[in-house]
Amino acid sequence: ESLKKYFVKRIKEHSRFTLRSIEFDERIKLFRSVIIDESHKCKSSHTQQSKFVQGIAQGKEYVLELTGTPIVNNNEDLIQQLNIMDRLEDFGGYSKFVKRYCAGENKASHLRELNYFLNKFCFFRRQKKDVLKQLPEKTRSYLVVDIETRKEYNQAKADVIKYLRDYKKADDEKIQRAIRGAVMVQMGILKQISSKGKIKAAIDIIHNTIDGGQKLIVFCFLKQVVQELKREFPNAVTVTGDDDDKAKQRSVDAFQQDESTKLIILNYRSGGTGLTLTAASNVLFIEFPWTYSDCCQAEDRAHRNGQKNAVTCTYLLGENTIDEYMYNLIQTKKGIANGVTGTIDNVEEKKVSTQQMLLNAAMDIFKDEY
């Protein structure tokens with residue numbers, strides 16, 4: 001938020017927002033080098049933030065980008081980051097990069113070749129095990145639970161199936177677009193219903209952990225989930241959008257320093273990055289984010305320098321719900337990211353379209369019912 005305040009004089013009215021739309025302050029010439037932390041937040045060329053960063057970085061002697069998750073969804077996420085570093089031409093420019101490395105529904109092709117050229121031109125990777133040799137291991141487990149909201153879920157599921165049948169029959173693009181929007185809304189509702197249905201299972205896990213004397217980090221999205229957990233655990237501290245910065249810091253300090261504060265509840269947006277919560281070695285995820293990078297960032301609130309114990313991350317999956325698709329989606333994105341950064345050689349690519357992710361989710365999940 002400081003980029004615009006300090007380095008932009010005004011934004012001109014143009015039909016399309018480009019670098020030429022921005023009139024920069026002269027102070028951007030003060031710097032010879034630019035370091036961009038969490039550079040994956042500049043993955044979209046359409047946002048003001050990434051354009052501001054691109055303008056500030058232009059012509060600088062050194063431009064360094066730091067991120068643990070350079071790819072959030074697919075290979076398109078690299079384009080603007082390479083552009084900011086002025087290295088896109090090393091890959092043949094925008095058109096060639098898209099054609100060669102962003103093909104197919106996953107927008108991820110020739111991963112090993114891309115990994116080779118990234119390492120050749122501009123990419124240096126160090127894994128935690130290389131630089132934090134004393135850091136304990138991290139493990140993930142996926143716990144499938146029955147949801148308490150099955151009746152409500154089935155009703156919402158029936159609505160989705162109805163929309164899908166209408167979508168399949170529609171031959172007019174406008175009608176299809178309207179139905180597609182309705183499906184996306186309904187899929188979001190399915191996700192919320194599943195989350196609410198896992199609260200009881202989450203409460204049982206939380207009691208088992210903190211009643212045994214261990215601290216626990218819990219991540220979720222829905223306000224209702226946070227409220228239910230706070231009712232059950234009134235001594236828990238929170239880091240959510242409803243908390244101001246001072247309240248968030250008090251929560252973190254209490255969790256880290258006060259032995260009696262056993263539980264901290266966070267949402268991904270407010271607590272998924274930037275915090276150190278090494279007082280706990282257990283992390284519980286009631287709801288899935290849409291991206292693998294959000295999972296990693298959230299897990300690493302506990303799995304970071306200063307952690308003395310092995311970290312266990314537990315994900316709750318509602319049985320026979322959208323959660324199972326979310327799991328597969330995240331595994332696909334994880335595979336793409338790891339293939340490009342060099343963690344693995346071969347990636348099984350599943351059918352996931354970023355642009356119509358929710359629609360495809362619905363069509364995949366309910367393909368035998370409409």
# chains A, B, ... in the order shown; residues from 1 in each chain; ligands from 1

call {"tool": "residues_around", "arguments": {"residues": "stretch 317-320 of chain A", "least_positions_apart": "5", "cutoff": "6 Å", "atoms": "only C-alpha atoms", "output": "list in words"}}
result
Leu143, Val144, Val145, Asp146 and Ile147 of chain A

call {"tool": "write_last_selection", "arguments": {"atoms": "N, CA, C and O atoms", "output": "short mmCIF file (atom, residue, chain, number, x, y, z; two decimals), in the first residue's frame"}}
result
data_model
loop_
_atom_site.label_atom_id
_atom_site.label_comp_id
_atom_site.auth_asym_id
_atom_site.auth_seq_id
_atom_site.Cartn_x
_atom_site.Cartn_y
_atom_site.Cartn_z
N LEU A 143 -7.36 -36.08 7.08
CA LEU A 143 -8.34 -36.82 7.87
C LEU A 143 -9.72 -36.65 7.26
O LEU A 143 -10.25 -35.54 7.18
N VAL A 144 -10.31 -37.73 6.79
CA VAL A 144 -11.64 -37.70 6.18
C VAL A 144 -12.69 -37.86 7.27
O VAL A 144 -12.65 -38.81 8.05
N VAL A 145 -13.63 -36.91 7.35
CA VAL A 145 -14.65 -36.92 8.39
C VAL A 145 -16.03 -36.78 7.75
O VAL A 145 -16.18 -36.19 6.67
N ASP A 146 -17.04 -37.31 8.41
CA ASP A 146 -18.41 -37.12 7.96
C ASP A 146 -18.88 -35.74 8.40
O ASP A 146 -18.57 -35.31 9.52
N ILE A 147 -19.59 -35.04 7.54
CA ILE A 147 -20.03 -33.69 7.89
C ILE A 147 -21.38 -33.73 8.59
O ILE A 147 -22.22 -34.58 8.32
#

call {"tool": "select_by_dssp", "arguments": {"residues": "stretch 84-151 of chain A", "states": "helix (DSSP H, G or I)", "output": "PyMOL selection string"}}
result
chain A and resi 84+88-91+93-101+111-121+128-131+150-151

call {"tool": "closest_residue", "arguments": {"among": "A:Cys296, A:Cys122, A:Ile193, A:Ala103", "to": "A:Ile71", "atoms": "only C-alpha atoms"}}
result
A:Cys296

call {"tool": "closest_atom_pairs", "arguments": {"of": "stretch 133-208 of chain A", "to": "stretch 300-307 of chain A", "cutoff": "9 Å", "atoms": "only C-alpha atoms", "output": "JSON lines"}}
result
{"residue": "A:Gln134", "atom": "CA", "partner": "A:Asn305", "partner_atom": "CA", "distance": 8.6}
{"residue": "A:Leu135", "atom": "CA", "partner": "A:Gln307", "partner_atom": "CA", "distance": 6.5}
{"residue": "A:Pro136", "atom": "CA", "partner": "A:Gln307", "partner_atom": "CA", "distance": 7.2}
{"residue": "A:Glu137", "atom": "CA", "partner": "A:His303", "partner_atom": "CA", "distance": 8.3}
{"residue": "A:Lys138", "atom": "CA", "partner": "A:His303", "partner_atom": "CA", "distance": 7.0}

call {"tool": "write_last_selection", "arguments": {"atoms": "C-alpha atoms", "output": "compact mmCIF listing (two decimals), in the first residue's frame"}}
result
# COMPACT_ATOMS: atom_id res chain seq x y z
CA GLN A 134 18.55 -27.98 12.39
CA LEU A 135 14.89 -27.48 11.38
CA PRO A 136 12.81 -30.60 12.20
CA GLU A 137 10.73 -32.44 9.60
CA LYS A 138 7.24 -31.43 8.53

call {"tool": "select_by_dssp", "arguments": {"residues": "stretch 147-226 of chain A", "states": "strand (DSSP E or B)", "output": "number ranges by chain"}}
result
A: 216-220

call {"tool": "atom_distance", "arguments": {"atom1": "atom CA of A:Gly92", "atom2": "atom CA of A:Asn115"}}
result
15.0 Å

call {"tool": "closest_residue", "arguments": {"among": "A:Cys220, A:Pro234, A:Thr139, A:Ala57", "to": "A:Leu30", "atoms": "only C-alpha atoms"}}
result
A:Ala57

call {"tool": "closest_residue", "arguments": {"among": "A:Glu287, A:Glu23, A:Asp243, A:Glu65", "to": "A:Lys51", "atoms": "only C-alpha atoms"}}
result
A:Glu23

call {"tool": "residues_around", "arguments": {"residues": "A:Arg126", "least_positions_apart": "4", "cutoff": "12 Å", "atoms": "only C-alpha atoms", "output": "list in words"}}
result
Leu66, Thr67, Gly68, Asn119, Asp130, Val131, Leu132, Lys133, Thr341, Gly342 and Thr343 of chain A

call {"tool": "write_last_selection", "arguments": {"atoms": "all heavy atoms", "output": "CSV table (one decimal), in the first residue's frame"}}
result
chain,number,residue,atom,x,y,z
A,66,LEU,N,12.3,-12.4,-4.2
A,66,LEU,CA,12.3,-13.4,-3.2
A,66,LEU,C,10.9,-14.0,-3.0
A,66,LEU,O,10.0,-13.3,-2.8
A,66,LEU,CB,12.8,-12.9,-1.8
A,66,LEU,CG,14.0,-12.0,-1.9
A,66,LEU,CD1,14.3,-11.5,-0.4
A,66,LEU,CD2,15.2,-12.7,-2.4
A,67,THR,N,10.8,-15.4,-3.0
A,67,THR,CA,9.6,-16.0,-2.8
A,67,THR,C,9.8,-17.5,-2.5
A,67,THR,O,10.7,-18.1,-3.1
A,67,THR,CB,8.6,-15.8,-3.9
A,67,THR,OG1,7.4,-16.6,-3.7
A,67,THR,CG2,9.2,-16.3,-5.3
A,68,GLY,N,9.0,-18.1,-1.6
A,68,GLY,CA,9.1,-19.5,-1.4
A,68,GLY,C,8.2,-20.2,-2.4
A,68,GLY,O,8.2,-21.4,-2.6
A,119,ASN,N,17.0,-21.9,-14.2
A,119,ASN,CA,18.2,-22.0,-13.5
A,119,ASN,C,19.4,-21.4,-14.3
A,119,ASN,O,20.3,-20.9,-13.7
A,119,ASN,CB,18.5,-23.5,-13.2
A,119,ASN,CG,17.7,-24.0,-12.0
A,119,ASN,OD1,18.1,-23.7,-10.8
A,119,ASN,ND2,16.6,-24.6,-12.2
A,130,ASP,N,18.5,-27.2,3.2
A,130,ASP,CA,19.9,-26.8,2.9
A,130,ASP,C,20.4,-25.7,3.8
A,130,ASP,O,21.6,-25.6,4.0
A,130,ASP,CB,20.0,-26.4,1.4
A,130,ASP,CG,19.6,-27.5,0.5
A,130,ASP,OD1,20.0,-28.6,0.7
A,130,ASP,OD2,18.9,-27.2,-0.6
A,131,VAL,N,19.5,-24.8,4.2
A,131,VAL,CA,19.9,-23.6,4.9
A,131,VAL,C,19.5,-23.6,6.4
A,131,VAL,O,20.1,-22.9,7.2
A,131,VAL,CB,19.3,-22.3,4.2
A,131,VAL,CG1,19.9,-22.1,2.8
A,131,VAL,CG2,17.8,-22.4,4.1
A,132,LEU,N,18.5,-24.4,6.7
A,132,LEU,CA,18.1,-24.5,8.1
A,132,LEU,C,18.3,-26.0,8.5
A,132,LEU,O,17.3,-26.7,8.6
A,132,LEU,CB,16.6,-24.1,8.3
A,132,LEU,CG,16.4,-22.6,8.0
A,132,LEU,CD1,14.9,-22.3,8.1
A,132,LEU,CD2,17.1,-21.7,9.0
A,133,LYS,N,19.5,-26.4,8.6
A,133,LYS,CA,19.8,-27.8,8.8
A,133,LYS,C,19.3,-28.4,10.1
A,133,LYS,O,19.1,-29.6,10.3
A,133,LYS,CB,21.3,-28.0,8.7
A,133,LYS,CG,21.9,-27.6,7.3
A,133,LYS,CD,23.4,-27.9,7.2
A,133,LYS,CE,23.9,-27.5,5.9
A,133,LYS,NZ,23.3,-28.1,4.7
A,341,THR,N,10.2,-25.7,-10.3
A,341,THR,CA,11.3,-25.3,-9.4
A,341,THR,C,12.3,-26.4,-9.2
A,341,THR,O,13.4,-26.2,-8.6
A,341,THR,CB,10.7,-24.9,-8.0
A,341,THR,OG1,10.0,-26.0,-7.4
A,341,THR,CG2,9.9,-23.7,-8.1
A,342,GLY,N,12.0,-27.6,-9.7
A,342,GLY,CA,13.0,-28.7,-9.7
A,342,GLY,C,12.9,-29.7,-8.6
A,342,GLY,O,13.8,-30.5,-8.3
A,343,THR,N,11.8,-29.7,-7.8
A,343,THR,CA,11.6,-30.6,-6.7
A,343,THR,C,11.4,-32.0,-7.2
A,343,THR,O,11.9,-33.0,-6.7
A,343,THR,CB,10.5,-30.2,-5.8
A,343,THR,OG1,10.7,-28.9,-5.4
A,343,THR,CG2,10.4,-31.1,-4.6

call {"tool": "residues_around", "arguments": {"residues": "stretch 31-38 of chain A", "least_positions_apart": "6", "cutoff": "10 Å", "atoms": "only C-alpha atoms", "output": "short mmCIF file (atom, residue, chain, number, x, y, z; two decimals) with C-alpha atoms, in the first residue's frame"}}
result
data_model
loop_
_atom_site.label_atom_id
_atom_site.label_comp_id
_atom_site.auth_asym_id
_atom_site.auth_seq_id
_atom_site.Cartn_x
_atom_site.Cartn_y
_atom_site.Cartn_z
CA VAL A 53 6.72 -2.52 -8.87
CA ILE A 56 10.08 1.23 -9.96
CA ALA A 57 12.31 -1.68 -11.02
CA GLN A 58 12.86 -0.48 -14.61
CA GLY A 59 16.48 0.30 -15.46
CA LYS A 60 17.87 -0.71 -12.08
CA GLU A 61 21.27 -2.37 -11.83
CA TYR A 62 19.98 -5.25 -9.69
CA VAL A 63 16.43 -6.52 -9.29
CA LEU A 64 16.05 -9.40 -6.84
CA GLU A 65 12.80 -11.27 -6.25
CA LEU A 66 12.33 -13.44 -3.17
CA THR A 67 9.57 -16.02 -2.77
CA GLY A 68 9.07 -19.50 -1.44
CA THR A 69 6.26 -20.07 -3.96
CA PRO A 70 7.08 -18.51 -7.36
CA GLN A 81 7.71 -11.73 -12.27
CA ILE A 84 9.70 -7.09 -13.60
CA MET A 85 13.25 -8.50 -13.61
CA THR A 273 1.96 -14.99 6.01
CA GLY A 274 4.48 -12.99 7.98
#
